[in-house]
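Structure data (compact mmCIF, C-alpha atoms) from input_15.txt:
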# COMPACT_ATOMS: atom_id res chain seq x y z
CA MET A 28 1.23 11.71 -21.85
CA ALA A 29 -0.30 8.27 -21.68
CA ALA A 30 -2.54 7.65 -18.67
CA ASP A 31 -0.91 5.80 -15.77
CA PRO A 32 -2.05 2.14 -15.60
CA PHE A 33 -3.11 2.55 -11.98
CA ALA A 34 -5.15 5.64 -12.79
CA GLU A 35 -6.84 3.65 -15.57
CA LEU A 36 -7.56 0.86 -13.10
CA LEU A 37 -9.27 3.26 -10.68
CA ARG A 38 -11.35 4.65 -13.54
CA GLN A 39 -12.31 1.09 -14.56
CA LEU A 40 -13.36 0.25 -11.01
CA ARG A 41 -15.71 3.23 -10.96
CA ARG A 42 -17.17 2.49 -14.38
CA ASN A 43 -17.82 -1.14 -13.48
CA ALA A 44 -19.74 0.07 -10.45
CA ASP A 45 -21.74 2.29 -12.87
CA ARG A 46 -20.99 5.43 -10.88
CA SER A 47 -20.21 9.04 -11.70
CA GLN A 48 -17.21 10.62 -9.99
CA ASP A 49 -19.56 12.30 -7.52
CA GLU A 50 -21.19 8.94 -6.74
CA GLN A 51 -17.78 7.29 -6.40
CA ALA A 52 -16.76 9.91 -3.85
CA ASP A 53 -19.99 9.29 -1.92
CA ALA A 54 -19.39 5.51 -1.97
CA ILE A 55 -15.83 5.91 -0.66
CA ASN A 56 -17.05 8.23 2.08
CA ALA A 57 -19.81 5.77 3.01
CA ALA A 58 -17.20 3.03 3.37
CA SER A 59 -14.99 5.20 5.58
CA GLY A 60 -17.80 6.80 7.56
CA ARG A 61 -16.25 10.22 6.93
CA ALA A 62 -16.88 12.82 4.19
CA THR A 63 -13.23 13.33 3.23
CA VAL A 64 -13.14 12.48 -0.50
CA THR A 65 -14.56 14.88 -3.11
CA ARG A 66 -15.35 14.49 -6.80
CA ARG A 67 -12.25 16.57 -7.54
CA GLU A 68 -10.09 14.12 -5.59
CA VAL A 69 -11.57 11.17 -7.52
CA SER A 70 -10.76 13.02 -10.74
CA ARG A 71 -7.16 13.58 -9.61
CA TYR A 72 -6.79 9.85 -8.86
CA GLU A 73 -8.14 8.90 -12.29
CA ASN A 74 -5.97 11.42 -14.13
CA GLY A 75 -2.83 10.20 -12.42
CA GLU A 76 -2.30 13.53 -10.66
CA ASN A 77 -2.39 11.88 -7.26
CA VAL A 78 -2.16 8.36 -5.80
CA PRO A 79 -4.57 7.51 -2.94
CA THR A 80 -3.06 6.73 0.45
CA ASN A 81 -3.16 3.12 1.59
CA HIS A 82 -5.86 4.11 4.10
CA THR A 83 -8.04 5.55 1.33
CA LEU A 84 -7.34 2.51 -0.86
CA GLY A 85 -8.91 0.34 1.82
CA HIS A 86 -12.11 2.36 1.55
CA ILE A 87 -12.00 2.24 -2.26
CA ALA A 88 -11.67 -1.57 -2.13
CA VAL A 89 -14.73 -1.83 0.12
CA ALA A 90 -16.75 0.65 -1.96
CA CYS A 91 -15.99 -1.27 -5.16
CA GLY A 92 -16.08 -4.77 -3.67
CA VAL A 93 -12.57 -5.75 -4.80
CA PRO A 94 -9.49 -7.19 -3.03
CA LEU A 95 -7.26 -4.65 -1.32
CA GLU A 96 -3.87 -6.31 -1.79
CA PRO A 97 -3.66 -5.90 -5.60
CA LEU A 98 -4.61 -2.25 -5.22
CA LEU A 99 -1.88 -1.72 -2.64
CA ARG A 100 0.70 -3.34 -4.91
CA GLU A 101 -0.29 -1.28 -7.94
CA ALA A 102 -0.41 1.94 -5.92
CA LYS A 103 3.15 1.24 -4.78
CA ALA A 104 4.22 0.69 -8.40
CA ALA A 105 2.45 3.92 -9.42
CA ARG A 106 4.38 5.87 -6.77
CA VAL A 107 7.64 4.40 -8.08
CA ARG A 108 6.71 5.51 -11.61
CA ARG A 109 5.93 9.01 -10.34
CA ARG A 110 9.31 9.26 -8.61
CA LYS A 111 11.14 8.10 -11.73
CA ARG A 112 9.16 10.54 -13.83
CA ASP A 113 10.13 13.38 -11.50
CA GLU A 114 13.80 12.37 -11.68
CA VAL A 115 13.97 12.71 -15.47
CA GLU A 116 12.11 16.02 -15.77
CA GLY A 117 15.38 18.00 -16.02
CA GLU A 118 17.11 15.65 -18.45
CA ASP A 119 17.65 16.16 -22.18
CA LEU A 120 14.38 16.01 -24.15
CA ASP A 121 15.62 13.26 -26.47
CA ASP A 122 16.62 11.16 -23.49
CA VAL A 123 13.19 11.72 -21.94
CA LYS A 124 11.51 10.60 -25.15
CA ARG A 125 13.66 7.47 -25.28
CA ARG A 126 12.90 6.55 -21.65
CA THR A 127 9.18 7.20 -22.09
CA LEU A 128 8.99 5.11 -25.21
CA LEU A 129 10.81 2.18 -23.63
CA GLY A 130 8.78 2.45 -20.44
CA GLY A 131 5.50 2.52 -22.31
CA ALA A 132 6.48 -0.52 -24.35
CA ALA A 133 7.43 -2.42 -21.22
CA VAL A 134 4.12 -1.68 -19.53
CA GLY A 135 2.15 -2.64 -22.60
CA ALA A 136 3.92 -5.97 -23.03
CA ALA A 137 3.68 -6.90 -19.36
CA ALA A 138 0.13 -5.73 -18.69
CA ALA A 139 -1.50 -9.16 -18.81
CA ALA A 140 1.04 -10.59 -16.37
CA GLU A 141 0.84 -7.79 -13.81
CA PRO A 142 -1.64 -7.82 -10.87
CA TRP A 143 -3.29 -4.61 -12.03
CA GLY A 144 -3.68 -6.06 -15.51
CA ARG A 145 -5.31 -9.24 -14.24
CA LEU A 146 -7.60 -7.29 -11.96
CA ALA A 147 -8.61 -4.84 -14.69
CA ASN A 148 -9.33 -7.75 -17.02
CA ALA A 149 -11.41 -9.53 -14.37
CA LEU A 150 -13.45 -6.37 -13.85
CA SER A 151 -14.01 -5.62 -17.52
CA LYS A 152 -17.47 -6.12 -18.91
CA GLY A 153 -18.27 -9.76 -19.55
CA ALA A 154 -15.31 -11.15 -17.63
CA ARG A 155 -15.89 -13.63 -14.82
CA ILE A 156 -15.13 -12.52 -11.30
CA ASP A 157 -12.10 -14.24 -9.79
CA PRO A 158 -12.18 -16.34 -6.57
CA GLU A 159 -10.25 -13.74 -4.60
CA SER A 160 -12.66 -10.94 -5.48
CA ALA A 161 -15.67 -13.14 -4.69
CA GLY A 162 -14.10 -14.02 -1.35
CA VAL A 163 -13.61 -10.35 -0.48
CA LEU A 164 -17.27 -9.57 -1.20
CA ILE A 165 -18.48 -12.52 0.86
CA GLU A 166 -16.17 -11.83 3.81
CA HIS A 167 -17.12 -8.16 3.91
CA ALA A 168 -20.80 -9.14 4.04
CA ALA A 169 -19.95 -11.25 7.09
CA ARG A 170 -18.05 -8.39 8.77
CA LEU A 171 -21.03 -6.08 8.43
CA HIS A 172 -23.08 -8.46 10.57
CA VAL A 173 -20.40 -8.23 13.25
CA ASP A 174 -20.26 -4.43 13.00
CA GLU A 175 -23.99 -4.32 13.68
CA LEU A 176 -23.23 -5.26 17.32
CA SER A 177 -21.33 -2.04 17.94
CA GLU A 178 -22.71 0.53 15.47
CA SER A 179 -25.97 2.37 15.19
CA ALA A 180 -28.28 1.76 12.26
CA ARG A 181 -27.71 5.31 11.01
CA SER A 182 -23.92 4.96 10.86
CA LEU A 183 -24.04 1.50 9.27
CA GLN A 184 -26.81 1.91 6.72
CA ASN A 185 -24.79 3.58 3.93
CA ARG A 186 -22.01 1.00 4.19
CA VAL A 187 -24.45 -1.91 4.01
CA GLU A 188 -26.36 -0.51 1.04
CA SER A 189 -23.10 0.38 -0.74
CA HIS A 190 -21.86 -3.20 -0.30
CA LEU A 191 -25.15 -4.57 -1.57
CA ASP A 192 -24.62 -2.44 -4.70
CA ALA A 193 -21.13 -3.93 -5.08
CA ILE A 194 -22.42 -7.50 -4.92
CA THR A 195 -25.29 -6.67 -7.27
CA ALA A 196 -22.79 -5.31 -9.81
CA ALA A 197 -20.69 -8.47 -9.49
CA LEU A 198 -23.52 -11.01 -9.81
CA PRO A 199 -23.83 -10.90 -13.65
CA ARG A 200 -20.14 -11.86 -13.84
CA ALA A 201 -20.16 -14.32 -10.93
CA GLY A 202 -19.84 -17.51 -12.97
CA THR A 203 -19.19 -20.45 -10.63
CA HIS A 204 -19.41 -18.08 -7.66
CA GLU A 205 -23.01 -17.12 -8.40
CA ARG A 206 -24.62 -19.17 -5.61
CA ALA A 207 -22.16 -17.99 -2.95
CA LEU A 208 -22.54 -14.36 -4.01
CA THR A 209 -26.34 -14.69 -4.15
CA ILE A 210 -26.32 -15.92 -0.55
CA ALA A 211 -24.01 -13.05 0.47
CA ALA A 212 -26.34 -10.62 -1.32
CA GLY A 213 -29.31 -12.04 0.59
CA GLU A 214 -27.48 -11.76 3.91
CA THR A 215 -26.56 -8.16 3.15
CA ALA A 216 -30.12 -7.32 2.05
CA ALA A 217 -31.49 -8.80 5.28
CA LEU A 218 -29.16 -6.63 7.32
CA ALA A 219 -30.17 -3.60 5.25
CA GLY A 220 -33.79 -4.44 6.09
CA TRP A 221 -33.02 -4.75 9.79
CA LEU A 222 -31.32 -1.35 9.78
CA ALA A 223 -34.21 0.21 7.87
CA TRP A 224 -36.68 -1.25 10.38
CA ASP A 225 -34.69 0.18 13.29
CA LEU A 226 -34.79 3.60 11.60
CA GLY A 227 -38.56 3.39 11.20
CA GLU A 228 -38.48 2.74 7.44
CA HIS A 229 -40.81 -0.24 7.66
CA ASP A 230 -41.86 -0.46 4.00
CA LYS A 231 -38.23 -0.37 2.96
CA ALA A 232 -37.43 -3.10 5.48
CA ALA A 233 -40.19 -5.33 4.12
CA ALA A 234 -38.87 -4.87 0.60
CA TYR A 235 -35.37 -5.90 1.66
CA TYR A 236 -36.70 -8.99 3.45
CA GLY A 237 -38.59 -9.91 0.29
CA VAL A 238 -35.37 -9.66 -1.72
CA THR A 239 -33.62 -11.86 0.86
CA SER A 240 -36.30 -14.52 0.43
CA GLU A 241 -35.87 -14.33 -3.35
CA CYS A 242 -32.13 -14.86 -2.93
CA ALA A 243 -32.86 -17.87 -0.72
CA LYS A 244 -35.11 -19.33 -3.39
CA LYS A 245 -32.65 -18.67 -6.22
CA ALA A 246 -29.71 -20.13 -4.28
CA GLY A 247 -31.71 -23.05 -2.87
CA HIS A 248 -30.61 -22.04 0.63
CA PRO A 249 -33.45 -22.20 3.23
CA PRO A 250 -31.36 -20.77 6.12
CA LEU A 251 -31.34 -17.46 4.25
CA ARG A 252 -35.14 -17.38 4.38
CA ALA A 253 -34.88 -18.11 8.10
CA LEU A 254 -32.80 -14.96 8.49
CA ALA A 255 -35.43 -12.84 6.72
CA LEU A 256 -38.23 -14.38 8.76
CA GLY A 257 -36.35 -13.93 12.03
CA TYR A 258 -35.76 -10.23 11.41
CA ALA A 259 -39.25 -9.67 10.03
CA SER A 260 -40.83 -11.33 13.08
CA TYR A 261 -40.00 -8.27 15.19
CA GLY A 262 -42.38 -6.21 13.10
CA ALA A 263 -45.12 -8.82 12.66
CA ALA A 264 -48.67 -7.47 12.86
CA THR A 265 -49.72 -10.02 15.50
CA ALA A 266 -48.08 -12.47 17.91
CA THR A 267 -49.68 -15.31 15.95
CA LYS A 268 -48.04 -14.11 12.73
CA ALA A 269 -44.67 -13.77 14.48
CA LEU A 270 -44.92 -17.33 15.79
CA GLU A 271 -45.78 -18.61 12.30
CA MET A 272 -42.70 -16.87 10.87
CA LEU A 273 -40.42 -18.21 13.58
CA SER A 274 -41.81 -21.73 13.31
CA GLN A 275 -40.99 -21.70 9.59
CA ALA A 276 -37.56 -20.22 10.34
CA ALA A 277 -36.83 -23.07 12.76
CA GLN A 278 -37.79 -25.57 10.06
CA ASP A 279 -35.51 -23.83 7.55
CA VAL A 280 -32.43 -24.27 9.75
CA ARG A 281 -32.81 -27.91 10.67
CA GLY A 282 -29.79 -30.06 9.85
CA ARG A 283 -26.04 -29.96 10.18
CA GLY A 284 -24.16 -26.69 10.15
CA ASN A 285 -27.15 -24.65 11.31
CA ALA A 286 -27.01 -25.08 15.09
CA THR A 287 -26.49 -21.39 15.87
CA ALA A 288 -29.24 -20.30 13.49
CA ALA A 289 -31.57 -22.90 15.03
CA ALA A 290 -30.77 -21.66 18.53
CA TRP A 291 -31.65 -18.09 17.52
CA ALA A 292 -34.89 -19.03 15.72
CA LEU A 293 -36.04 -21.19 18.64
CA GLY A 294 -35.01 -18.56 21.17
CA ARG A 295 -37.00 -15.92 19.32
CA TYR A 296 -39.96 -18.31 19.18
CA ALA A 297 -39.68 -18.73 22.96
CA GLU A 298 -39.75 -14.93 23.41
CA GLU A 299 -42.88 -14.51 21.30
CA ALA A 300 -44.60 -17.52 22.88
CA ALA A 301 -43.96 -16.13 26.36
CA GLN A 302 -45.41 -12.75 25.39
CA SER A 303 -48.49 -14.43 23.93
CA GLY A 304 -49.13 -16.39 27.17
CA ASP A 305 -48.03 -19.83 25.96
CA ASP A 306 -45.88 -20.70 28.98
CA ALA A 307 -45.36 -24.35 28.07
CA GLY A 308 -44.53 -23.57 24.44
CA ALA A 309 -42.09 -20.86 25.49
CA LEU A 310 -40.20 -23.06 27.93
CA ARG A 311 -40.10 -25.95 25.48
CA ALA A 312 -38.70 -23.75 22.70
CA LEU A 313 -36.16 -22.18 25.08
CA GLU A 314 -34.93 -25.61 26.14
CA GLN A 315 -34.55 -26.62 22.48
CA ALA A 316 -32.69 -23.36 21.76
CA ARG A 317 -30.22 -23.88 24.58
CA PHE A 318 -29.70 -27.51 23.57
CA ALA A 319 -28.99 -26.48 19.97
CA TYR A 320 -26.52 -23.86 21.16
CA ASP A 321 -24.53 -26.53 23.00
CA PHE A 322 -23.58 -27.84 19.54
CA ALA A 323 -23.15 -24.43 17.91
CA ASP A 324 -20.17 -22.37 16.82
CA HIS A 325 -21.36 -18.88 15.93
CA THR A 326 -17.95 -17.97 14.49
CA SER A 327 -17.84 -20.64 11.79
CA GLU A 328 -21.40 -21.22 10.57
CA GLN A 329 -23.38 -18.83 8.35
CA ALA A 330 -21.96 -15.31 8.24
CA TRP A 331 -25.04 -13.73 9.76
CA VAL A 332 -25.12 -15.86 12.92
CA ARG A 333 -22.04 -14.14 14.31
CA PHE A 334 -24.30 -11.88 16.35
CA VAL A 335 -25.70 -14.92 18.21
CA THR A 336 -23.04 -14.81 20.91
CA PRO A 337 -23.34 -16.47 24.34
CA TYR A 338 -24.37 -13.02 25.60
CA ARG A 339 -27.24 -12.93 23.09
CA MET A 340 -28.41 -16.35 24.28
CA ASP A 341 -28.35 -15.01 27.84
CA SER A 342 -30.56 -12.11 26.74
CA LEU A 343 -33.10 -14.48 25.15
CA THR A 344 -33.25 -16.58 28.31
CA LEU A 345 -33.65 -13.50 30.51
CA SER A 346 -36.42 -12.19 28.27
CA VAL A 347 -38.40 -15.44 28.53
CA TYR A 348 -37.91 -15.94 32.28
CA GLY A 349 -38.77 -12.31 33.00
CA GLU A 350 -41.97 -12.47 30.95
CA LEU A 351 -43.03 -15.70 32.66
CA LYS A 352 -41.85 -14.52 36.12
CA ARG A 353 -39.90 -17.75 36.57
CA GLN A 354 -37.89 -18.34 39.73
CA GLU A 355 -34.88 -19.24 37.56
CA LEU A 356 -34.59 -15.55 36.65
CA THR A 357 -32.37 -14.67 39.63
CA VAL A 358 -29.81 -17.40 38.96
CA THR A 359 -29.81 -16.62 35.22
CA ALA A 360 -29.36 -12.91 35.90
CA ASP A 361 -26.36 -13.57 38.16
CA SER A 362 -24.83 -15.86 35.55
CA ALA A 363 -25.37 -13.32 32.77
CA VAL A 364 -23.75 -10.52 34.79
CA GLU A 365 -20.78 -12.73 35.60
CA ARG A 366 -20.35 -13.61 31.93
CA LEU A 367 -20.36 -9.93 30.95
CA GLY A 368 -17.37 -9.26 33.18
CA LYS A 369 -15.93 -5.84 33.96
CA GLU A 370 -15.52 -4.64 30.37
CA LEU A 371 -18.85 -4.67 28.58
CA PRO A 372 -18.65 -6.57 25.26
CA ASP A 373 -20.31 -5.18 22.14
CA SER A 374 -23.41 -7.36 22.56
CA GLY A 375 -23.56 -6.60 26.30
CA VAL A 376 -25.95 -3.70 25.71
CA VAL A 377 -28.61 -6.20 24.64
CA VAL A 378 -28.04 -8.30 27.77
CA LEU A 379 -28.31 -5.30 30.08
CA GLY A 380 -31.51 -4.23 28.32
CA ASP A 381 -33.15 -7.63 28.63
CA LEU A 382 -31.86 -8.03 32.19
CA ALA A 383 -33.33 -4.70 33.29
CA SER A 384 -36.65 -5.43 31.61
CA ALA A 385 -36.77 -8.98 33.01
CA LEU A 386 -36.02 -7.85 36.58
CA LEU A 387 -38.68 -5.13 36.42
CA ARG A 388 -41.31 -7.50 35.01
CA GLY A 389 -40.31 -10.16 37.51
CA GLY A 390 -40.84 -7.82 40.47
CA ASP A 391 -37.22 -7.10 41.48
CA VAL A 392 -37.73 -3.37 41.02
CA ASP A 393 -34.71 -2.00 42.89
CA ARG A 394 -32.26 -4.20 41.02
CA GLY A 395 -34.13 -3.59 37.76
CA VAL A 396 -33.80 0.19 38.14
CA TYR A 397 -30.09 -0.14 38.90
CA VAL A 398 -29.50 -2.21 35.76
CA ALA A 399 -31.71 0.17 33.75
CA HIS A 400 -29.32 3.01 34.59
CA GLN A 401 -26.40 0.81 33.48
CA PHE A 402 -28.23 0.04 30.25
CA ALA A 403 -28.92 3.73 29.54
CA ALA A 404 -25.23 4.59 29.88
CA ALA A 405 -24.11 1.59 27.82
CA ALA A 406 -26.63 2.25 25.03
CA GLU A 407 -25.27 5.79 24.66
CA SER A 408 -21.62 4.68 24.52
CA LYS A 409 -22.14 1.50 22.46
CA PRO A 410 -25.09 2.19 20.14
CA ASN A 411 -26.47 -0.71 18.14
CA THR A 412 -29.68 -1.72 16.42
CA MET A 413 -31.12 -3.51 19.47
CA GLY A 414 -30.89 -0.63 21.95
CA ARG A 415 -33.90 1.44 20.91
CA GLN A 416 -36.41 -1.39 21.22
CA ARG A 417 -35.15 -2.31 24.68
CA ALA A 418 -35.20 1.31 25.82
CA GLN A 419 -38.91 1.47 25.05
CA SER A 420 -39.59 -1.78 26.91
CA ILE A 421 -37.67 -0.70 30.02
CA ALA A 422 -39.35 2.72 30.11
CA ALA A 423 -42.75 1.05 30.13
CA TRP A 424 -41.88 -1.02 33.21
CA LEU A 425 -40.09 1.60 35.31
CA PRO A 426 -41.85 2.78 38.50
CA ASP A 427 -43.33 6.29 38.62
CA THR A 428 -40.42 7.48 40.76
CA GLU A 429 -38.09 6.98 37.79
CA HIS A 430 -39.87 9.35 35.41
CA GLU A 431 -36.61 11.14 34.53
CA LEU A 432 -34.90 7.89 33.48
CA ALA A 433 -38.04 6.81 31.60
CA GLY A 434 -38.09 10.11 29.71
CA HIS A 435 -34.41 9.73 28.84
CA LEU A 436 -34.95 6.22 27.51
CA LEU A 437 -37.97 7.24 25.45
CA ALA A 438 -36.02 10.13 23.98
CA PHE A 439 -33.19 7.74 23.11
CA ALA A 440 -35.67 5.33 21.50
CA SER A 441 -37.13 8.08 19.32

Could you show the structure in this file as structure tokens?
Amino acid sequence: MAADPFAELLRQLRRNADRSQDEQADAINAASGRATVTRREVSRYENGENVPTNHTLGHIAVACGVPLEPLLREAKAARVRRRKRDEVEGEDLDDVKRRTLLGGAAVGAAAAAEPWGRLANALSKGARIDPESAGVLIEHAARLHVDELSESARSLQNRVESHLDAITAALPRAGTHERALTIAAGETAALAGWLAWDLGEHDKAAAYYGVTSECAKKAGHPPLRALALGYASYGAATATKALEMLSQAAQDVRGRGNATAAAWALGRYAEEAAQSGDDAGALRALEQARFAYDFADHTSEQAWVRFVTPYRMDSLTLSVYGELKRQELTVTADSAVERLGKELPDSGVVVLGDLASALLRGGDVDRGVYVAHQFAAAAESKPNTMGRQRAQSIAAWLPDTEHELAGHLLAFAS
């Protein structure tokens, strides 16, 4: 029996990703976050013995970096073919042969016009990637930066690295989409570096940041270098080195369309300047950051700036005012709490962490301890890549009477 066209398409997707069936199963599981697909199941899909559910198809699309809609359409057609095949199993053998022959001829003649045929052709070696497929890869890179607000580094790492593999496989066939995909690759590599750093894999993080800078150079896109520098600044050997990185990052995001990125780079500069004792430089940079954010739209600029929410800007301001023990801290803290509202948003963990640390450093110990308890509970229920660092900072500032909370936070940070 001739292989089903949809089964052939799934096999082609795997081969274009240069994966074995075991590796394909791992990639699908990484995309879903659950170990539910085995090598045997991948084999059944590719032999036409089974058709993946629509839910599983979504994970296959992510793992292979291809659009979901064509896969859904072809899976539906494959199910129809299976039903028709089942219906004729009891019919006369000659009639079965006639139907099979006619059906095979129809599929062969129509292949180039069908969605699965176009997709298979686009994914074949040497073919250029189509705009829809490029768009899916780019948009998924953006979504990963949003997911970072509400997922731990451990749960997100496999998905990010799998997507980076998908973009890497697509780049040789990118054609006119090469620059856009190179930028998306750099953004994904930067996030992979950030996750590695949070997990203590510092050499790996540095390598990813280096790749991001190479992508920025190849694409002629300085804001991408700013992203790498901003992330890398957290692990800088000295405060002076961190300030140098962030100063360059702020230069890289000057100009239209970069207001959110500029606000983040300047806000980070203000944090580092405050910690290094440069009060005037910290306040000046913070004012520039807040001014830039007045003109920003974090939902429509570069993909990676989507984490720079108003809550994140509150956390930067709290961090600076707390370090400098500014009287504006109380008003800013009240405003930040009011903005958070009753239901804590995904990025609210960061705000609570910086608020607790700022209050403790600023001398408002009772309120700082109260918020520290809120942070500890929130960090457990909404883990993200910013929680561990803040847990360490808060533990260092807690009074001796809160040794149990400090121990809990240090255990969480480890």

Task: For Asp230 (chain A): contacts at 12 Å, all atoms listed in the file, fewer than 6 positions along chain excluded, given as a ChimeraX atom specification - done: /A:220-221,223-224,236-237,259,262

TODO: Just the residues within 9 Å of Glu298 (chain A), please, counting only C-alpha atoms, with nothing from its chain fewer than 4 positions along; format it as a PyMOL selection string.
DONE: chain A and resi 293-294+302-303+309+312-313+343-344+346-347+350

Serialized selection, C-alpha atoms, as an mmCIF file, in the frame of the given file:
data_model
loop_
_atom_site.group_PDB
_atom_site.id
_atom_site.type_symbol
_atom_site.label_atom_id
_atom_site.label_comp_id
_atom_site.auth_asym_id
_atom_site.auth_seq_id
_atom_site.Cartn_x
_atom_site.Cartn_y
_atom_site.Cartn_z
ATOM 1 C CA LEU A 293 -36.040 -21.190 18.640
ATOM 2 C CA GLY A 294 -35.010 -18.560 21.170
ATOM 3 C CA GLN A 302 -45.410 -12.750 25.390
ATOM 4 C CA SER A 303 -48.490 -14.430 23.930
ATOM 5 C CA ALA A 309 -42.090 -20.860 25.490
ATOM 6 C CA ALA A 312 -38.700 -23.750 22.700
ATOM 7 C CA LEU A 313 -36.160 -22.180 25.080
ATOM 8 C CA LEU A 343 -33.100 -14.480 25.150
ATOM 9 C CA THR A 344 -33.250 -16.580 28.310
ATOM 10 C CA SER A 346 -36.420 -12.190 28.270
ATOM 11 C CA VAL A 347 -38.400 -15.440 28.530
ATOM 12 C CA GLU A 350 -41.970 -12.470 30.950
#

- [ ] Find the distance between CA of His86 (chain A) and CA of Arg61 (chain A) and write it in Å to one decimal.
- [x]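 Separation of CA of His86 (chain A) and CA of Arg61 (chain A): 10.4 Å.
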
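The residue that comes closest to Ala399 (chain A), out of A:Leu386, A:Ala196, A:Ala264, A:Ala292 and on the basis of all atoms listed in the file, is A:Leu386.
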
All residues 10 Å or closer to Asp53 (chain A), only C-alpha atoms, same chain fewer than 6 positions away omitted, as a CSV table (one decimal) with C-alpha atoms, keeping the file's coordinate frame:
chain,number,residue,atom,x,y,z
A,46,ARG,CA,-21.0,5.4,-10.9
A,47,SER,CA,-20.2,9.0,-11.7
A,59,SER,CA,-15.0,5.2,5.6
A,61,ARG,CA,-16.2,10.2,6.9
A,62,ALA,CA,-16.9,12.8,4.2
A,63,THR,CA,-13.2,13.3,3.2
A,64,VAL,CA,-13.1,12.5,-0.5
A,65,THR,CA,-14.6,14.9,-3.1
A,66,ARG,CA,-15.4,14.5,-6.8
A,90,ALA,CA,-16.8,0.6,-2.0
A,185,ASN,CA,-24.8,3.6,3.9
A,189,SER,CA,-23.1,0.4,-0.7

- [ ] Show which residues sit within 8 Å of Ala418 (chain A), as a list in words. Count all atoms listed in the file, and ignore same-chain residues fewer than 6 positions away.
- [x]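 These residues fall inside the cut-off: Gly380, Ala403, Leu436, Leu437, Phe439 and Ala440 of chain A.
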
TODO: Rounded to one decimal place, report the CA of Leu99 (chain A)-CA of Ala54 (chain A) distance in Å.
DONE: 19.0 Å

TODO: Fewer than 4 positions away in the same chain doesn't count, so skip those; otherwise give me all residues within 9 Å of Asp341 (chain A), counting all atoms listed in the file, as a list of chain:residue names.
DONE: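 Within the cut-off, the hits are A:Thr336, A:Pro337, A:Leu345, A:Ser346, A:Thr359, A:Ala360, A:Ser362, A:Ala363, A:Val378, A:Asp381, A:Leu382.
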
- [ ] Go ahead and compute the interatomic distance for CA of Asp324 (chain A) and CA of Asp174 (chain A), in Å to one decimal.
- [x]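 For CA of Asp324 (chain A) relative to CA of Asp174 (chain A), the distance reads 18.3 Å.
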
Open item on the list: Between A:Arg170, A:His435, A:Arg108, A:Arg394, which residue has the minimum interatomic distance to Leu183 (chain A), considering only C-alpha atoms?
Closed with: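 Checking each candidate against Leu183 (chain A), we get A:Arg170 as the closest.
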
Task: Pick from A:Leu379, A:Leu164, A:Ala44, A:Ala301 nearest to His400 (chain A), counting only C-alpha atoms - done: A:Leu379

TODO: Compare A:Leu351, A:Ala58, A:Ala105, A:Ala286 by their minimum atom-to-atom distance to Ser327 (chain A), counting all atoms listed in the file, and give me the closest one.
DONE: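 For Ser327 (chain A), the nearest of the given residues is A:Ala286.
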
Open item on the list: I need the residue nearest Ala193 (chain A) from this list: A:Gly434, A:Gly247, A:Gly92, A:Pro97. Use only C-alpha atoms for the distance.
Closed with: A:Gly92
